[in-house]
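Chemist: Here's a structure for you.
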Amino acid sequence: MKQIVQELRSGDVLLADVAVPKVKPGHLLIQTTSSLISAGTERMLVEFGRAGYLAKARQQPEKVRQVLDKVRTDGLGATFQSVMAKLDQPLPMGYCNVGRVLEVGEGVEGFRPGDRVVSNGNHAEVVMVAKHLAAKIPDSVADDEACFTVLGSIALQGIRLLSPTLGETIAVFGLGLIGLLAVQILKAHGARVIGFDYEGDRVDLAKRYGAEAENLALGADPVEAARAFTGELGVDGVLVTAATKSNELMHQAAQMCRQRGRIVLTGVTGLNLERSDFYEKELTFQVSCSYGPGRHDPRYEEMGQDYPVAFVRWTEQRNFEAVLELMREKRLSTGELISQRVPLADAKAAYDAVAAKSVIGVMLTYPEPRTQEARQALAARVVRHHPPREQADTAVCGLIGAGSFAQQKVFPALVKAGARLKWVATSTGLSGSTAARKFGIEQSTTDIRQVLDDPEVNAVVIATRHNTHASLVIGAIEAGKSVFVEKPLCLTAEELGQIMEAHQQADEGGPERPILMVGYNRRFAPLVTLLRSRLERRKRPLAMTFTCNAGSVPPDHWVQDPAIGGGRIIGEACHFIDLLHFLADESPITRVTAMRLEPGGAHNPGDTVSITLRFADGSLGHINYFANGARSYPKERLSVFGEGRVLRMDNFRRLHGYGYRGRNKRSWTQDKGHGGGFRAFVEAVRTGAPSPIPWESIVNTTQATFAVLQAIERETIVSVG
């Protein structure tokens, strides 16, 4: 299928070939019939993309500070690669979509195939959206009208926060699509409306919708106009839908308000507010969040947990429905807002018009697949990107998952290791198609069975969310493939038991059995390899301390969800358990104890933990996994004490020896071992060698990680195994 994306580095708008998504539980698969370009938001994205690197940096000073912090801790090379990888990720465009339901995911009620629906889906021939981000369209509302539902909901949410009452006077700054929809909704509320804009045609439209309106390009003074309109009383509220960097607009909004007036911002403006403006009149100011309650809440949008109507009357979905009802009642008109109708194939021309500010609303039209071949092409879940590469005697990889980590670390390392990348499978298709074009992957798909059933594939690399790891590992083992799975191996002891059983059955298959390796890359880092070589002749136990300045992750992030990410101990601290296990010569971890900083508030979800490991050879390992430090402080530090000497490694860039004759080691680039790990994996697959990480070690590390959670919960020592 075709999908519109923007290249952030250059700003170019492209029509990409993307595999059709596979519907997930709680979601709908929708065939698009039309979609609307949001001129304000999407114009800003185009302008940002087309700006040079310096201009991009000026627009995002907070990102610049983060980059500078990363340079100080990780080095220039690692930071440059990270920034370029971010800029290489194409941005899916659009969020005003109308179409017909093709498939209904598990757990979705109230929708069925064939329903006409509006959603916040992108500009693509087929979209997958969560059930709470879609609403059924009344029969009397045309597709072209319904395309304005999402923008109408943005306007409606801002108006709900203003709470206008019958007869109140509301000013609207900015008469673009959202502003003009807001004018009509305010009139439906019984409000008197005055609008302001610099474009004469938009001012004229606002007047036709029943508002008083002033063209600021002709020199009109908005404050004086508002006072005259209200008989010097001042407006009751101001809705700001404009996009400007200036602070003057907010000053004018405050000046035109009456005592205790309200200002709500749905657009983007300078916010260097003057205290006196708000103090003297006791004004209230609020920023409106998109379509309404539920926006950016993964529990509502992704997991389908609705808010009780008694407590949250108007969610984003219910706002969609309210706007559609206004359209059904003919109280919200959209026909005059459509400047152009452009076929999807001419998307670049449409965005050029939007960037030139010559249009208000641009509707994208989508061809109806009339032939059997066209319908099959639209439904295809496989896209071929590159011809097959005949590479004998190597790992032929099927890649599952193509998120930012996979594209920054996994795929480049596999390419350098000489693997043949035949497949990439993702849930939505876009990230897979992007990765395929960038890394020379032959085919992308949204059907994992295509990967597992391919007899030519002899290695599966899994880089998906943590809750999928166990089932994918088992599926790959049962398909006879070697497996590389990013940490963690699994989330529960029950899943570990199932993997161990599958591995045992594969182990009984003889010398050609596939290998299983977990992405514990730290043990392959060059400085770790050097450090371990200096411990080769030790005769006594070690005392090791590893400190990870992990940084905070919001409690609602998927990694923190026990059912999806497993929490940060399972999701990341397992790395450091494995590292100390490796340095102790794979000596089994026998006992674990741990304590955490007690949870308290959004900034302390309980992921600041101290862990102590006892090894069978008498060594001790201590891991400080701290989430409450400064990001400007280096992330990882390792100290190893033993036999009167000390080795200290700082953030995989410096190695210092105390009591050693050998030189200290310093690297200008940070290398955490991703390349070394994948080279070892590809070589093992190629030669039939055992897994670079012993299976017993993988199991022991996983069991020790689970034991850490038990130790935290019980506040006691837990035996491993």
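In the structure tokens, each chain is lettered A, B, ... as it comes, each chain's residues begin at 1, and ligands are numbered from 1 in order of appearance.
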Going by DSSP on the backbone, which bits of stretch 502-553 of chain A are strand (DSSP E)? Write them as a ChimeraX atom specification, please.
Modeler: /A:516-518,543-549
Chemist: Quick one: residues within 12 Å of A:Gly565, only C-alpha atoms, excluding same-chain residues fewer than 2 positions away - as a PDB file with N, CA and C atoms, in the first residue's frame?
Modeler:
ATOM      1  N   THR A 464      11.539  -6.779  19.645  1.00  0.00           N
ATOM      2  CA  THR A 464      10.188  -6.267  19.849  1.00  0.00           C
ATOM      3  C   THR A 464       9.995  -5.904  21.320  1.00  0.00           C
ATOM      4  N   ARG A 465       8.779  -5.526  21.683  1.00  0.00           N
ATOM      5  CA  ARG A 465       8.484  -5.255  23.090  1.00  0.00           C
ATOM      6  C   ARG A 465       8.624  -6.543  23.907  1.00  0.00           C
ATOM      7  N   HIS A 466       8.955  -6.361  25.173  1.00  0.00           N
ATOM      8  CA  HIS A 466       9.404  -7.480  26.000  1.00  0.00           C
ATOM      9  C   HIS A 466       8.364  -8.585  26.168  1.00  0.00           C
ATOM     10  N   ASN A 467       7.080  -8.222  26.212  1.00  0.00           N
ATOM     11  CA  ASN A 467       6.056  -9.237  26.450  1.00  0.00           C
ATOM     12  C   ASN A 467       5.887 -10.199  25.285  1.00  0.00           C
ATOM     13  N   THR A 468       6.481  -9.890  24.123  1.00  0.00           N
ATOM     14  CA  THR A 468       6.381 -10.783  22.967  1.00  0.00           C
ATOM     15  C   THR A 468       7.571 -11.723  22.846  1.00  0.00           C
ATOM     16  N   HIS A 469       8.620 -11.498  23.638  1.00  0.00           N
ATOM     17  CA  HIS A 469       9.864 -12.239  23.450  1.00  0.00           C
ATOM     18  C   HIS A 469       9.680 -13.746  23.606  1.00  0.00           C
ATOM     19  N   LYS A 487      17.444  -8.481  25.091  1.00  0.00           N
ATOM     20  CA  LYS A 487      17.042  -8.701  26.472  1.00  0.00           C
ATOM     21  C   LYS A 487      15.689  -8.013  26.721  1.00  0.00           C
ATOM     22  N   PRO A 488      14.899  -8.571  27.643  1.00  0.00           N
ATOM     23  CA  PRO A 488      15.112  -9.800  28.408  1.00  0.00           C
ATOM     24  C   PRO A 488      14.631 -11.012  27.619  1.00  0.00           C
ATOM     25  N   LEU A 489      15.065 -12.174  28.055  1.00  0.00           N
ATOM     26  CA  LEU A 489      14.621 -13.408  27.401  1.00  0.00           C
ATOM     27  C   LEU A 489      13.123 -13.585  27.545  1.00  0.00           C
ATOM     28  N   CYS A 490      12.580 -13.267  28.724  1.00  0.00           N
ATOM     29  CA  CYS A 490      11.165 -13.447  29.001  1.00  0.00           C
ATOM     30  C   CYS A 490      10.813 -12.638  30.243  1.00  0.00           C
ATOM     31  N   LEU A 491       9.540 -12.648  30.624  1.00  0.00           N
ATOM     32  CA  LEU A 491       9.088 -11.820  31.740  1.00  0.00           C
ATOM     33  C   LEU A 491       8.723 -12.601  32.998  1.00  0.00           C
ATOM     34  N   THR A 492       8.504 -13.908  32.884  1.00  0.00           N
ATOM     35  CA  THR A 492       8.071 -14.679  34.053  1.00  0.00           C
ATOM     36  C   THR A 492       8.806 -16.006  34.120  1.00  0.00           C
ATOM     37  N   PRO A 555       6.179   6.616  34.893  1.00  0.00           N
ATOM     38  CA  PRO A 555       5.485   5.390  35.314  1.00  0.00           C
ATOM     39  C   PRO A 555       4.547   4.823  34.260  1.00  0.00           C
ATOM     40  N   ASP A 556       4.034   5.680  33.340  1.00  0.00           N
ATOM     41  CA  ASP A 556       3.107   5.179  32.333  1.00  0.00           C
ATOM     42  C   ASP A 556       3.812   4.724  31.052  1.00  0.00           C
ATOM     43  N   HIS A 557       5.150   4.732  31.038  1.00  0.00           N
ATOM     44  CA  HIS A 557       5.887   4.211  29.883  1.00  0.00           C
ATOM     45  C   HIS A 557       5.714   2.687  29.826  1.00  0.00           C
ATOM     46  N   TRP A 558       5.708   2.133  28.601  1.00  0.00           N
ATOM     47  CA  TRP A 558       5.442   0.697  28.459  1.00  0.00           C
ATOM     48  C   TRP A 558       6.478  -0.157  29.179  1.00  0.00           C
ATOM     49  N   VAL A 559       7.708   0.336  29.296  1.00  0.00           N
ATOM     50  CA  VAL A 559       8.742  -0.445  29.986  1.00  0.00           C
ATOM     51  C   VAL A 559       8.372  -0.663  31.452  1.00  0.00           C
ATOM     52  N   GLN A 560       7.679   0.305  32.043  1.00  0.00           N
ATOM     53  CA  GLN A 560       7.304   0.207  33.453  1.00  0.00           C
ATOM     54  C   GLN A 560       6.097  -0.694  33.678  1.00  0.00           C
ATOM     55  N   ASP A 561       5.371  -1.009  32.634  1.00  0.00           N
ATOM     56  CA  ASP A 561       4.177  -1.847  32.759  1.00  0.00           C
ATOM     57  C   ASP A 561       4.612  -3.296  32.969  1.00  0.00           C
ATOM     58  N   PRO A 562       4.253  -3.915  34.097  1.00  0.00           N
ATOM     59  CA  PRO A 562       4.694  -5.297  34.353  1.00  0.00           C
ATOM     60  C   PRO A 562       4.268  -6.278  33.272  1.00  0.00           C
ATOM     61  N   ALA A 563       3.119  -6.032  32.647  1.00  0.00           N
ATOM     62  CA  ALA A 563       2.611  -6.972  31.646  1.00  0.00           C
ATOM     63  C   ALA A 563       3.261  -6.791  30.279  1.00  0.00           C
ATOM     64  N   GLY A 567       8.966  -4.062  33.779  1.00  0.00           N
ATOM     65  CA  GLY A 567       9.675  -3.220  34.732  1.00  0.00           C
ATOM     66  C   GLY A 567      11.142  -3.107  34.363  1.00  0.00           C
ATOM     67  N   ARG A 568      11.824  -2.173  34.970  1.00  0.00           N
ATOM     68  CA  ARG A 568      13.192  -1.852  34.549  1.00  0.00           C
ATOM     69  C   ARG A 568      14.232  -2.841  35.066  1.00  0.00           C
ATOM     70  N   ILE A 569      13.932  -3.568  36.124  1.00  0.00           N
ATOM     71  CA  ILE A 569      14.888  -4.578  36.598  1.00  0.00           C
ATOM     72  C   ILE A 569      14.981  -5.701  35.579  1.00  0.00           C
ATOM     73  N   ILE A 570      13.822  -6.222  35.179  1.00  0.00           N
ATOM     74  CA  ILE A 570      13.809  -7.265  34.147  1.00  0.00           C
ATOM     75  C   ILE A 570      14.257  -6.697  32.808  1.00  0.00           C
ATOM     76  N   GLY A 571      13.815  -5.461  32.509  1.00  0.00           N
ATOM     77  CA  GLY A 571      14.064  -4.899  31.188  1.00  0.00           C
ATOM     78  C   GLY A 571      15.469  -4.417  30.941  1.00  0.00           C
ATOM     79  N   GLU A 572      16.179  -3.955  32.002  1.00  0.00           N
ATOM     80  CA  GLU A 572      17.524  -3.423  31.763  1.00  0.00           C
ATOM     81  C   GLU A 572      18.558  -3.914  32.769  1.00  0.00           C
TER      82      GLU A 572
END
Chemist: May I ask which of the residues A:Glu214, A:Glu598, A:Glu145, A:Glu636 is the closest one to A:Glu715, counting only C-alpha atoms?
Modeler: A:Glu598
Chemist: Which residues are near A:Gln259? Cut-off 9 Å, only C-alpha atoms, ignore same chain within fewer than 2 positions. Put them as an mmCIF file with C-alpha atoms, in the first residue's frame.
Modeler:
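And here's selection.cif as it stands now:
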data_model
loop_
_atom_site.group_PDB
_atom_site.id
_atom_site.type_symbol
_atom_site.label_atom_id
_atom_site.label_comp_id
_atom_site.auth_asym_id
_atom_site.auth_seq_id
_atom_site.Cartn_x
_atom_site.Cartn_y
_atom_site.Cartn_z
ATOM 1 C CA LEU A 233 -16.726 45.378 28.767
ATOM 2 C CA GLY A 234 -14.054 43.074 27.353
ATOM 3 C CA ASP A 236 -15.410 36.721 28.382
ATOM 4 C CA CYS A 257 -10.395 40.139 28.369
ATOM 5 C CA GLY A 261 -11.747 36.302 31.798
ATOM 6 C CA GLU A 280 -4.637 42.763 37.610
ATOM 7 C CA LYS A 281 -7.629 41.021 36.041
ATOM 8 C CA GLU A 282 -7.222 37.618 37.758
ATOM 9 C CA LEU A 283 -7.289 35.936 34.359
#
Chemist: Would you return as a PyMOL selection string the members of stretch 612-686 of chain A that DSSP assigns to helix (DSSP H, G or I) on this structure's backbone?
Modeler: chain A and resi 674-686
Chemist: Could you name the residues that touch stretch 531-548 of chain A at 7 Å or less, counting only C-alpha atoms, but leaving out those on the same chain fewer than 5 positions away, as a ChimeraX atom specification?
Modeler: /A:583,617-626,635-643
Chemist: If you keep N, CA and C atoms, can you produce a file of those selected residues as a PDB file, in the first residue's frame?
Modeler:
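The result, written out as again.pdb:
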ATOM      1  N   LEU A 583      32.156 -11.610  34.269  1.00  0.00           N
ATOM      2  CA  LEU A 583      33.447 -11.293  34.864  1.00  0.00           C
ATOM      3  C   LEU A 583      33.836 -12.290  35.948  1.00  0.00           C
ATOM      4  N   ASP A 617      31.709 -19.131  43.375  1.00  0.00           N
ATOM      5  CA  ASP A 617      33.147 -19.117  43.653  1.00  0.00           C
ATOM      6  C   ASP A 617      33.511 -18.167  44.800  1.00  0.00           C
ATOM      7  N   GLY A 618      32.500 -17.600  45.478  1.00  0.00           N
ATOM      8  CA  GLY A 618      32.738 -16.708  46.601  1.00  0.00           C
ATOM      9  C   GLY A 618      32.744 -15.237  46.240  1.00  0.00           C
ATOM     10  N   SER A 619      32.706 -14.915  44.943  1.00  0.00           N
ATOM     11  CA  SER A 619      32.718 -13.510  44.536  1.00  0.00           C
ATOM     12  C   SER A 619      31.419 -12.819  44.938  1.00  0.00           C
ATOM     13  N   LEU A 620      31.534 -11.495  45.073  1.00  0.00           N
ATOM     14  CA  LEU A 620      30.380 -10.663  45.377  1.00  0.00           C
ATOM     15  C   LEU A 620      30.199  -9.639  44.258  1.00  0.00           C
ATOM     16  N   GLY A 621      28.959  -9.394  43.916  1.00  0.00           N
ATOM     17  CA  GLY A 621      28.652  -8.353  42.940  1.00  0.00           C
ATOM     18  C   GLY A 621      27.610  -7.416  43.506  1.00  0.00           C
ATOM     19  N   HIS A 622      27.829  -6.129  43.335  1.00  0.00           N
ATOM     20  CA  HIS A 622      26.862  -5.143  43.815  1.00  0.00           C
ATOM     21  C   HIS A 622      26.473  -4.254  42.647  1.00  0.00           C
ATOM     22  N   ILE A 623      25.169  -4.116  42.412  1.00  0.00           N
ATOM     23  CA  ILE A 623      24.656  -3.309  41.307  1.00  0.00           C
ATOM     24  C   ILE A 623      23.800  -2.193  41.883  1.00  0.00           C
ATOM     25  N   ASN A 624      24.196  -0.961  41.606  1.00  0.00           N
ATOM     26  CA  ASN A 624      23.378   0.203  41.947  1.00  0.00           C
ATOM     27  C   ASN A 624      22.655   0.637  40.681  1.00  0.00           C
ATOM     28  N   TYR A 625      21.379   0.345  40.633  1.00  0.00           N
ATOM     29  CA  TYR A 625      20.569   0.759  39.485  1.00  0.00           C
ATOM     30  C   TYR A 625      19.722   1.942  39.954  1.00  0.00           C
ATOM     31  N   PHE A 626      20.199   3.143  39.624  1.00  0.00           N
ATOM     32  CA  PHE A 626      19.613   4.358  40.180  1.00  0.00           C
ATOM     33  C   PHE A 626      18.916   5.160  39.083  1.00  0.00           C
ATOM     34  N   LYS A 635      26.526   7.404  32.409  1.00  0.00           N
ATOM     35  CA  LYS A 635      25.497   6.415  32.715  1.00  0.00           C
ATOM     36  C   LYS A 635      26.032   5.198  33.457  1.00  0.00           C
ATOM     37  N   GLU A 636      27.200   4.659  33.077  1.00  0.00           N
ATOM     38  CA  GLU A 636      27.616   3.365  33.619  1.00  0.00           C
ATOM     39  C   GLU A 636      29.069   3.403  34.100  1.00  0.00           C
ATOM     40  N   ARG A 637      29.299   2.850  35.287  1.00  0.00           N
ATOM     41  CA  ARG A 637      30.656   2.756  35.843  1.00  0.00           C
ATOM     42  C   ARG A 637      30.813   1.393  36.515  1.00  0.00           C
ATOM     43  N   LEU A 638      31.929   0.747  36.256  1.00  0.00           N
ATOM     44  CA  LEU A 638      32.231  -0.571  36.812  1.00  0.00           C
ATOM     45  C   LEU A 638      33.552  -0.519  37.565  1.00  0.00           C
ATOM     46  N   SER A 639      33.563  -1.077  38.770  1.00  0.00           N
ATOM     47  CA  SER A 639      34.802  -1.220  39.556  1.00  0.00           C
ATOM     48  C   SER A 639      34.945  -2.668  39.982  1.00  0.00           C
ATOM     49  N   VAL A 640      36.139  -3.236  39.769  1.00  0.00           N
ATOM     50  CA  VAL A 640      36.415  -4.630  40.129  1.00  0.00           C
ATOM     51  C   VAL A 640      37.611  -4.653  41.082  1.00  0.00           C
ATOM     52  N   PHE A 641      37.404  -5.177  42.294  1.00  0.00           N
ATOM     53  CA  PHE A 641      38.446  -5.249  43.321  1.00  0.00           C
ATOM     54  C   PHE A 641      38.872  -6.707  43.492  1.00  0.00           C
ATOM     55  N   GLY A 642      40.166  -6.940  43.578  1.00  0.00           N
ATOM     56  CA  GLY A 642      40.620  -8.302  43.812  1.00  0.00           C
ATOM     57  C   GLY A 642      42.130  -8.410  43.859  1.00  0.00           C
ATOM     58  N   GLU A 643      42.635  -9.214  44.802  1.00  0.00           N
ATOM     59  CA  GLU A 643      44.054  -9.528  44.918  1.00  0.00           C
ATOM     60  C   GLU A 643      44.921  -8.267  44.986  1.00  0.00           C
TER      61      GLU A 643
END
Chemist: May I have the residues within 10 Å of A:Ser667 as a ChimeraX atom specification, using only C-alpha atoms and disregarding those fewer than 2 positions away in the same chain?
Modeler: /A:75,526-527,652-655,665,669-671
Chemist: Write the residues of the selection above to a file with C-alpha atoms, as a CSV table (one decimal), in the first residue's frame.
Modeler:
chain,number,residue,atom,x,y,z
A,75,GLY,CA,31.3,11.0,23.3
A,526,PRO,CA,36.2,-4.1,23.9
A,527,LEU,CA,37.0,-2.5,27.3
A,652,PHE,CA,32.8,2.1,28.2
A,653,ARG,CA,35.2,4.9,27.2
A,654,ARG,CA,38.0,4.6,29.8
A,655,LEU,CA,39.7,1.8,31.7
A,665,LYS,CA,43.0,2.5,28.0
A,669,THR,CA,34.0,6.4,20.8
A,670,GLN,CA,31.8,4.5,23.1
A,671,ASP,CA,31.4,0.8,22.3
Chemist: Determine, counting only C-alpha atoms, which protein, DNA and RNA residues have an atom within 8 Å of an atom of stretch 166-173 of chain A; residues of the same chain fewer than 5 positions away are not included. Present the result as a compact mmCIF listing (two decimals) with C-alpha atoms, in the first residue's frame.
Modeler:
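Written file, around_22.txt:
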# COMPACT_ATOMS: atom_id res chain seq x y z
CA GLY A 179 -10.38 28.49 14.21
CA ALA A 182 -14.37 26.80 16.51
CA VAL A 183 -16.36 29.83 15.30
CA LEU A 186 -19.15 28.62 19.56
CA HIS A 189 -23.18 27.24 22.01
CA GLY A 190 -25.03 30.55 21.76
CA ALA A 191 -21.90 32.67 22.06
CA ARG A 192 -21.14 35.96 20.32
CA VAL A 193 -17.87 35.55 18.41
CA ILE A 194 -15.21 37.91 17.15
CA GLY A 195 -12.31 36.50 15.14
CA PHE A 196 -8.90 37.76 14.04
CA ASP A 197 -6.58 36.69 11.22
CA ALA A 226 -12.83 43.50 20.93
CA THR A 230 -18.37 44.25 23.77
CA VAL A 235 -14.51 39.56 26.03
CA ASP A 236 -15.41 36.72 28.38
CA GLY A 237 -12.87 34.38 26.87
CA VAL A 238 -10.23 33.99 24.18
CA LEU A 239 -9.52 30.84 22.18
CA VAL A 240 -6.06 30.99 20.60
CA THR A 241 -5.75 28.67 17.59
CA ALA A 242 -2.98 30.59 15.83
Chemist: Using only C-alpha atoms, which of A:Val268, A:Leu102, A:Ala130, A:Val592 sits nearest A:Pro298?
Modeler: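 Answer, going by the shortest atom-to-atom distance: A:Ala130.
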Chemist: Kindly indicate which residue among A:Leu414, A:Val646, A:Val685, A:Leu218 lies nearest to A:Val203, using only C-alpha atoms for the distances.
Modeler: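 Counting only C-alpha atoms, the residue closest to A:Val203 is A:Leu218.
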Chemist: Please list as a list in words every residue within 9 Å of stretch 137-140 of chain A, counting only C-alpha atoms and excluding residues in the same chain fewer than 5 positions away.
Modeler: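 Final neighbour list, sorted by chain and number: Val98, Asp115, Arg116, Val117, Val118, Ala146, Glu321, Leu324, Glu325, Met327 and Arg328 of chain A.
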Chemist: I need the residue nearest A:Leu151 from this list: A:Ala345, A:Ile448, A:Ile37, A:Ala630. Use only C-alpha atoms for the distance.
Modeler: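 Using only C-alpha atoms, A:Leu151 sits closest to A:Ile37.
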Chemist: Pick from A:Pro367, A:Gly659, A:Gly676, A:Pro21: nearest to A:Arg645, with only C-alpha atoms counted?
Modeler: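 Looking only at the distances to A:Arg645, the closest residue turns out to be A:Gly659.
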